[in-house]
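Student: After the structure tokens below, expect a handful of questions from me.
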Amino acid sequence: MSEGYHIEDEVQQRAYDRQLMRRLLGYLRAYRSAMILAVVLLLGASILTNLVPYFNKLALDKYIGNPERIAQQEQAAGGTPSATLEALVTHDRQGLGRVILIIACLMLGETLARYLQNIIVAYVGQKTMLAMRLQIFEHLQRMSLRFLDRNPIGRLMTRVTNDVEKIQETIVAGMVQVISDLLTVFVILAFMLWVNWQLALILMTTVPFVFVTGFVFRRYARRSYIEIRKRLARMNAYAQETISGMRIVQMFTAEEPTYEEYRRRNEEHRDEWFQQVLNYAVYFPVVDFLGMLAIGLIVLYTGDRFLRFGDAVGVSVGTLFAYIQWSERFYAPIRTIADRYNLLLEAMASSERIFELLGAEEEIENAPDAVIPDRFEGRVEFKDVWFAYEPDHWILKGINLAIAPGERIAIVGHTGAGKTTLINLLSRFYDVQRGSIAIDGLDVRLYEKTALRQRIGTVLQDVFLFSGSIEQNIRLGNQELTMERVRQCAAYVNAARFIEKMPGGYAYDVGERGNNLSTGQRQLLAFARTLAHDPQLLVLDEATSSVDTETEVLIQDAIRKLMLGGTSIVIAHRLSTVQNADRIIVMHHGEVRETGTHRELLAQRGLYYRLYQLQYKHQNGTSETTQIP
């Protein structure tokens with residue numbers, strides 16, 4: 001099971017890191033004005049919405065309650081700061097309607113402010129996510145094959161998709177939401193202290209208990225969240241692997257045990273999910289209870305004042321009603337702090353993984369004065385080339401090989417002899433550890449990478465086609481190719497005959513990885529693609545393997561046409577492919593052991609002769625023992 005990347009990439013959390021946060025906020029620097037405007041809109045919305053309880057107080061005290069009694073209370077209290085706002089309404093019968101109109105305008109203004117703020121935040125978030133994803137994708141395109149060998153594709157896809165989305169949700173939208181919550185808390189606190197500071201202090205007596213509850217909840221919720229993600233990752237990994245290998249499952253009638261294993265993993269995820277539900281089921285009612293307790297303390301205070309002094313001095317019915325509303329709005333953002341903190345820690349882990357990826361050095365870099373050649377003549381030289389994928393495990397050992405312009409070279413040898421490694425080094429997908437490789441007398445490390453690879457046409461054994469039409473796969477993003485050129489290249493390599501039989505012709509969808517085409521058709525299409533991009537060096541890596549005899553005839557003819565007039569290197573197990581080469585190079589354990597034409601090598605009765613005899617016996621299905629010296 002390949003569960004490692006899921007668990008590592010999707011369930012980790014990281015402590016808050018100021019440096020990481022500063023780097024993340026750097027993506028928002030270009031949208032600083034928009035973010036400031038969003039914060040101003042949030043502040044305005046918070047003020048507008050929390051003015052509503054105050055005007056409710058005015059409506060109750062002046063127009064629904066007893067105005068004369070209220071006036072006496074205010075006179076006894078020496079006046080209140082509300083005099084300025086109370087001047088906005090008059091003491092007539094239309095006053096209540098005017099207060100209601102003001103409340104409606106406040107609510108409309110708050111709705112408009114939040115609408116504009118949401119639009120701004122969504123815009124900034126999407127632009128930020130686009131910039132981050134493009135930066136990661138561009139960085140991945142520059143990385144060497146060695147980097148891709150060390151990092152599974154699933155892990156890299158998680159960086160580009162899940163991690164970036166997590167950062168966008170938490171850092172952009174989440175950060176704005178936190179600012180909104182803090183502004184709401186401070187605005188409500190300011191209103192409460194302004195109207196009656198004693199009631200404000202009473203309301204805040206339960207706040208410390210809310211933070212203690214949130215701290216305890218955060219510990220349990222974090223552990224449960226991580227366990228949920230682990231179990232979900234294991235469940236999804238198992239399902240993905242099982243569905244991918246369903247042919248084997250059905251072949252060995254293993255449906256029942258695989259179903260039981262998936263059921264067990266699913267149940268583990270369900271049980272942990274219920275545990276998280278229990279955590280929330282305890283946390284939110286406790287916070288709600290503390291909020292209601294604060295309201296109860298206010299009622300107790302005002303009731304005690306009334307019973308002891310016959311009047312709750314400075315506390316009217318409207319004031320009490322306003323504080324009940326403010327209390328509900330005050331505790332709502334406070335109780336979400338613990339949950340938002342967990343999201344912030346997840347974003348920290350995602351950002352660390354992304355910046356670790358972006359910080360990975362580009363192993364194959366262009367030289368400071370990289371050369372962009374016009375065309376290659378095709379002279380290739382391997383000079384004492386040593387190469388190892390892992391330290392001290394040499395794949396190539398002192399390779400010396402000179403290829404003349406226009407020469408057709410064939411490289412043969414057993415699996416693992418280092419044949420494919422040669423062409424990877426030629427295109428500079430890897431760099432040699434010792435020695436050098438030169439094209440037209442210049443070390444390949446001195447050429448600009450893109451220019452080098454544009455001039456080397458490569459057809460691999462496992463042809464990779466992208467989802468889309470046949471035309472798109474031949475063009476491969478090169479819009480300068482005319483449709484006439486596409487058709488000419490397909491016809492030249494014998495691909496046009498099957499393309500024109502397909503529904504839609506060149507518009508036919510090849511499917512994912514070309515699954516709608518046969519192996520031979522994919523290889524012919526790869527020849528057309530290579531020819532369309534006008535290479536000066538041609539490299540064929542096992543390009544005729546795993547095809548039927550009829551298709552091989554077409555492929556052999558296509559190869560012969562492609563090799564006309566240019567330098568070509570053919571790597572193959574089928575020796576029938578290379579018999580007409582100008583020279584055959586036999587490799588064994590990373591070394592060049594034999595060189596010559598087909599007839600010369602057979603006459604030597606060495607490694608090539610042995611390979612030829614073994615393949616001849618295999619192709620003819622004989623069980624006779626071949627005499628090999």
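Going by the structure tokens order, chains are called A, B, ..., each with residues numbered from 1, while ligands are numbered from 1 in the order shown.
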Report as a list in words all protein, DNA and RNA residues lying within 12 Å of A:Gln604, evaluated on only C-alpha atoms, omitting residues in the same chain fewer than 5 positions from it.
Tutor: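 Contacts, in chain order: Arg593, Glu594, Thr595, Gly596, Thr597, His598, Arg599, Tyr609, Arg610, Ile628 and Pro629 of chain A.
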Student: I need the residues of stretch 289-379 of chain A that end up classed as alpha helix (DSSP H) by DSSP on the backbone, written out as an mmCIF file with C-alpha atoms, in the first residue's frame.
Tutor:
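File produced: states_20.cif:
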data_model
loop_
_atom_site.group_PDB
_atom_site.id
_atom_site.type_symbol
_atom_site.label_atom_id
_atom_site.label_comp_id
_atom_site.auth_asym_id
_atom_site.auth_seq_id
_atom_site.Cartn_x
_atom_site.Cartn_y
_atom_site.Cartn_z
ATOM 1 C CA PHE A 289 -23.899 28.094 28.292
ATOM 2 C CA LEU A 290 -21.176 30.554 29.295
ATOM 3 C CA GLY A 291 -22.733 33.176 27.018
ATOM 4 C CA MET A 292 -26.151 32.626 28.558
ATOM 5 C CA LEU A 293 -24.559 32.689 31.998
ATOM 6 C CA ALA A 294 -23.216 36.171 31.241
ATOM 7 C CA ILE A 295 -26.714 37.300 30.308
ATOM 8 C CA GLY A 296 -28.036 35.715 33.512
ATOM 9 C CA LEU A 297 -25.482 37.639 35.555
ATOM 10 C CA ILE A 298 -26.651 40.897 33.950
ATOM 11 C CA VAL A 299 -30.272 40.061 34.762
ATOM 12 C CA LEU A 300 -29.240 39.123 38.316
ATOM 13 C CA TYR A 301 -27.377 42.406 38.728
ATOM 14 C CA THR A 302 -30.215 44.574 37.446
ATOM 15 C CA GLY A 303 -32.808 42.582 39.438
ATOM 16 C CA ASP A 304 -30.781 42.909 42.610
ATOM 17 C CA ARG A 305 -30.471 46.675 42.087
ATOM 18 C CA PHE A 306 -34.199 46.960 41.574
ATOM 19 C CA LEU A 307 -35.039 44.902 44.672
ATOM 20 C CA ARG A 308 -32.581 46.739 46.872
ATOM 21 C CA PHE A 309 -33.085 50.298 45.664
ATOM 22 C CA VAL A 317 -35.494 47.797 29.534
ATOM 23 C CA GLY A 318 -33.987 48.928 26.254
ATOM 24 C CA THR A 319 -30.464 48.790 27.682
ATOM 25 C CA LEU A 320 -31.030 45.254 28.966
ATOM 26 C CA PHE A 321 -32.413 44.203 25.563
ATOM 27 C CA ALA A 322 -29.423 45.736 23.766
ATOM 28 C CA TYR A 323 -26.943 43.914 25.999
ATOM 29 C CA ILE A 324 -28.662 40.613 25.367
ATOM 30 C CA GLN A 325 -28.206 41.176 21.628
ATOM 31 C CA TRP A 326 -24.609 42.330 22.034
ATOM 32 C CA SER A 327 -23.854 39.295 24.196
ATOM 33 C CA GLU A 328 -24.975 36.895 21.472
ATOM 34 C CA ARG A 329 -22.861 38.724 18.895
ATOM 35 C CA PHE A 330 -19.899 39.015 21.268
ATOM 36 C CA TYR A 331 -19.570 35.286 22.023
ATOM 37 C CA ALA A 332 -20.197 34.034 18.472
ATOM 38 C CA PRO A 333 -16.728 34.977 17.107
ATOM 39 C CA ILE A 334 -14.985 34.025 20.361
ATOM 40 C CA ARG A 335 -16.198 30.432 20.226
ATOM 41 C CA ILE A 337 -11.283 30.952 17.633
ATOM 42 C CA ALA A 338 -10.220 27.406 18.596
ATOM 43 C CA ASP A 339 -11.446 25.960 15.315
ATOM 44 C CA ARG A 340 -9.779 28.692 13.259
ATOM 45 C CA TYR A 341 -6.530 28.078 15.108
ATOM 46 C CA ASN A 342 -6.537 24.438 13.974
ATOM 47 C CA LEU A 343 -7.060 25.577 10.389
ATOM 48 C CA LEU A 344 -4.153 27.975 10.748
ATOM 49 C CA LEU A 345 -1.864 25.158 11.887
ATOM 50 C CA GLU A 346 -2.893 23.092 8.852
ATOM 51 C CA ALA A 347 -2.092 26.032 6.595
ATOM 52 C CA MET A 348 1.322 26.304 8.252
ATOM 53 C CA ALA A 349 2.042 22.665 7.392
ATOM 54 C CA SER A 350 0.835 23.159 3.798
ATOM 55 C CA SER A 351 2.903 26.308 3.360
ATOM 56 C CA GLU A 352 6.008 24.611 4.730
ATOM 57 C CA ARG A 353 5.633 21.792 2.199
ATOM 58 C CA ILE A 354 5.083 24.234 -0.668
ATOM 59 C CA PHE A 355 8.053 26.412 0.225
ATOM 60 C CA GLU A 356 10.183 23.308 0.648
ATOM 61 C CA LEU A 357 9.235 22.350 -2.913
ATOM 62 C CA LEU A 358 9.879 25.849 -4.255
#
Student: Using only C-alpha atoms, which residues sit within 10 Å of A:Gly441 once same-chain residues fewer than 5 positions away are excluded, as a list in words?
Tutor: Gly378, Arg379, Val380 and Glu381 of chain A
Student: So, with only C-alpha atoms as the atoms that count, which of A:Leu193, A:Glu268, A:Val286, A:Gly359 lies closest to A:Ile136?
Tutor: A:Gly359
Student: Pick out the residues sitting within 9 Å of stretch 125-132 of chain A, and hand them over as a JSON list (two decimals) with all heavy atoms, in the first residue's frame; count only C-alpha atoms, and ignore anything fewer than 4 positions along from it in its own chain.
Tutor:
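Final output, saved to selection14.json:
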[["chain", "number", "residue", "atom", "x", "y", "z"],
["A", 27, "TYR", "N", 2.56, 37.05, -0.91],
["A", 27, "TYR", "CA", 1.72, 36.86, -2.09],
["A", 27, "TYR", "C", 0.58, 37.87, -2.14],
["A", 27, "TYR", "O", 0.00, 38.10, -3.20],
["A", 27, "TYR", "CB", 1.15, 35.44, -2.11],
["A", 27, "TYR", "CG", 2.16, 34.39, -2.46],
["A", 27, "TYR", "CD1", 2.89, 33.73, -1.48],
["A", 27, "TYR", "CD2", 2.39, 34.04, -3.79],
["A", 27, "TYR", "CE1", 3.83, 32.76, -1.80],
["A", 27, "TYR", "CE2", 3.32, 33.07, -4.13],
["A", 27, "TYR", "CZ", 4.04, 32.43, -3.13],
["A", 27, "TYR", "OH", 4.97, 31.48, -3.46],
["A", 28, "LEU", "N", 0.23, 38.45, -0.97],
["A", 28, "LEU", "CA", -0.85, 39.42, -0.92],
["A", 28, "LEU", "C", -0.35, 40.85, -1.13],
["A", 28, "LEU", "O", -1.16, 41.78, -1.18],
["A", 28, "LEU", "CB", -1.57, 39.32, 0.44],
["A", 28, "LEU", "CG", -2.20, 37.97, 0.78],
["A", 28, "LEU", "CD1", -2.80, 38.03, 2.17],
["A", 28, "LEU", "CD2", -3.25, 37.59, -0.24],
["A", 31, "TYR", "N", -1.80, 42.95, -3.73],
["A", 31, "TYR", "CA", -3.22, 43.28, -3.54],
["A", 31, "TYR", "C", -3.44, 43.98, -2.20],
["A", 31, "TYR", "O", -4.48, 43.85, -1.58],
["A", 31, "TYR", "CB", -4.06, 42.01, -3.62],
["A", 31, "TYR", "CG", -3.74, 41.17, -4.83],
["A", 31, "TYR", "CD1", -2.92, 40.04, -4.73],
["A", 31, "TYR", "CD2", -4.23, 41.51, -6.09],
["A", 31, "TYR", "CE1", -2.61, 39.29, -5.85],
["A", 31, "TYR", "CE2", -3.92, 40.76, -7.21],
["A", 31, "TYR", "CZ", -3.11, 39.65, -7.08],
["A", 31, "TYR", "OH", -2.81, 38.91, -8.19],
["A", 120, "ILE", "N", -14.22, 41.13, -2.92],
["A", 120, "ILE", "CA", -12.79, 41.49, -2.90],
["A", 120, "ILE", "C", -11.96, 40.32, -2.40],
["A", 120, "ILE", "O", -10.92, 39.98, -2.99],
["A", 120, "ILE", "CB", -12.57, 42.73, -2.01],
["A", 120, "ILE", "CG1", -13.22, 43.96, -2.66],
["A", 120, "ILE", "CG2", -11.08, 42.97, -1.79],
["A", 120, "ILE", "CD1", -13.21, 45.19, -1.78],
["A", 121, "VAL", "N", -12.39, 39.68, -1.32],
["A", 121, "VAL", "CA", -11.64, 38.57, -0.76],
["A", 121, "VAL", "C", -11.59, 37.40, -1.74],
["A", 121, "VAL", "O", -10.54, 36.76, -1.91],
["A", 121, "VAL", "CB", -12.25, 38.13, 0.59],
["A", 121, "VAL", "CG1", -11.65, 36.83, 1.06],
["A", 121, "VAL", "CG2", -12.05, 39.22, 1.64],
["A", 136, "ILE", "N", 4.52, 27.17, -8.75],
["A", 136, "ILE", "CA", 4.89, 25.78, -8.47],
["A", 136, "ILE", "C", 5.02, 24.99, -9.77],
["A", 136, "ILE", "O", 5.97, 24.23, -9.97],
["A", 136, "ILE", "CB", 3.86, 25.13, -7.54],
["A", 136, "ILE", "CG1", 3.85, 25.83, -6.18],
["A", 136, "ILE", "CG2", 4.16, 23.64, -7.35],
["A", 136, "ILE", "CD1", 2.74, 25.37, -5.26],
["A", 137, "PHE", "N", 4.04, 25.16, -10.68],
["A", 137, "PHE", "CA", 4.06, 24.40, -11.93],
["A", 137, "PHE", "C", 5.28, 24.77, -12.76],
["A", 137, "PHE", "O", 5.94, 23.90, -13.34],
["A", 137, "PHE", "CB", 2.77, 24.66, -12.71],
["A", 137, "PHE", "CG", 2.55, 23.72, -13.85],
["A", 137, "PHE", "CD1", 2.03, 22.46, -13.63],
["A", 137, "PHE", "CD2", 2.88, 24.08, -15.15],
["A", 137, "PHE", "CE1", 1.83, 21.58, -14.68],
["A", 137, "PHE", "CE2", 2.68, 23.21, -16.20],
["A", 137, "PHE", "CZ", 2.16, 21.95, -15.96],
["A", 160, "VAL", "N", 0.34, 21.05, -5.60],
["A", 160, "VAL", "CA", -0.25, 22.00, -6.55],
["A", 160, "VAL", "C", -1.73, 22.21, -6.27],
["A", 160, "VAL", "O", -2.26, 23.30, -6.49],
["A", 160, "VAL", "CB", -0.04, 21.50, -7.99],
["A", 160, "VAL", "CG1", -0.67, 22.45, -8.99],
["A", 160, "VAL", "CG2", 1.45, 21.36, -8.28],
["A", 164, "VAL", "N", -2.19, 24.23, -1.93],
["A", 164, "VAL", "CA", -2.45, 25.61, -2.34],
["A", 164, "VAL", "C", -3.86, 26.03, -1.97],
["A", 164, "VAL", "O", -4.09, 27.15, -1.49],
["A", 164, "VAL", "CB", -2.22, 25.76, -3.86],
["A", 164, "VAL", "CG1", -2.66, 27.15, -4.33],
["A", 164, "VAL", "CG2", -0.76, 25.54, -4.19],
["A", 165, "GLU", "N", -4.82, 25.14, -2.16],
["A", 165, "GLU", "CA", -6.20, 25.46, -1.81],
["A", 165, "GLU", "C", -6.36, 25.66, -0.31],
["A", 165, "GLU", "O", -7.07, 26.55, 0.13],
["A", 165, "GLU", "CB", -7.13, 24.36, -2.31],
["A", 165, "GLU", "CG", -8.60, 24.71, -2.16],
["A", 165, "GLU", "CD", -9.50, 23.70, -2.83],
["A", 165, "GLU", "OE1", -8.98, 22.77, -3.48],
["A", 165, "GLU", "OE2", -10.73, 23.84, -2.73],
["A", 167, "ILE", "N", -4.09, 26.78, 1.74],
["A", 167, "ILE", "CA", -3.52, 28.09, 2.06],
["A", 167, "ILE", "C", -4.47, 29.20, 1.66],
["A", 167, "ILE", "O", -4.68, 30.16, 2.40],
["A", 167, "ILE", "CB", -2.16, 28.25, 1.37],
["A", 167, "ILE", "CG1", -1.13, 27.31, 2.02],
["A", 167, "ILE", "CG2", -1.67, 29.69, 1.45],
["A", 167, "ILE", "CD1", 0.20, 27.30, 1.33],
["A", 168, "GLN", "N", -5.06, 29.07, 0.47],
["A", 168, "GLN", "CA", -5.98, 30.10, 0.02],
["A", 168, "GLN", "C", -7.18, 30.22, 0.96],
["A", 168, "GLN", "O", -7.59, 31.33, 1.33],
["A", 168, "GLN", "CB", -6.45, 29.79, -1.40],
["A", 168, "GLN", "CG", -7.31, 30.88, -2.04],
["A", 168, "GLN", "CD", -8.79, 30.68, -1.76],
["A", 168, "GLN", "OE1", -9.26, 29.57, -1.54],
["A", 168, "GLN", "NE2", -9.53, 31.78, -1.75],
["A", 169, "GLU", "N", -7.72, 29.10, 1.37],
["A", 169, "GLU", "CA", -8.89, 29.13, 2.25],
["A", 169, "GLU", "C", -8.55, 29.69, 3.62],
["A", 169, "GLU", "O", -9.33, 30.44, 4.21],
["A", 169, "GLU", "CB", -9.46, 27.71, 2.41],
["A", 169, "GLU", "CG", -10.11, 27.16, 1.15],
["A", 169, "GLU", "CD", -10.56, 25.74, 1.33],
["A", 169, "GLU", "OE1", -10.26, 25.16, 2.39],
["A", 169, "GLU", "OE2", -11.21, 25.19, 0.42],
["A", 171, "ILE", "N", -5.38, 31.28, 4.74],
["A", 171, "ILE", "CA", -4.60, 32.50, 4.86],
["A", 171, "ILE", "C", -5.35, 33.70, 4.30],
["A", 171, "ILE", "O", -5.35, 34.78, 4.89],
["A", 171, "ILE", "CB", -3.25, 32.35, 4.15],
["A", 171, "ILE", "CG1", -2.49, 31.17, 4.77],
["A", 171, "ILE", "CG2", -2.44, 33.62, 4.27],
["A", 171, "ILE", "CD1", -2.25, 31.29, 6.26],
["A", 172, "VAL", "N", -6.01, 33.55, 3.16],
["A", 172, "VAL", "CA", -6.70, 34.68, 2.56],
["A", 172, "VAL", "C", -8.09, 34.84, 3.18],
["A", 172, "VAL", "O", -8.35, 35.78, 3.92],
["A", 172, "VAL", "CB", -6.80, 34.51, 1.03],
["A", 172, "VAL", "CG1", -7.50, 35.71, 0.41],
["A", 172, "VAL", "CG2", -5.41, 34.37, 0.44],
["A", 173, "ALA", "N", -8.98, 33.88, 2.89],
["A", 173, "ALA", "CA", -10.33, 33.98, 3.44],
["A", 173, "ALA", "C", -10.33, 33.86, 4.96],
["A", 173, "ALA", "O", -11.01, 34.60, 5.66],
["A", 173, "ALA", "CB", -11.21, 32.89, 2.82]]
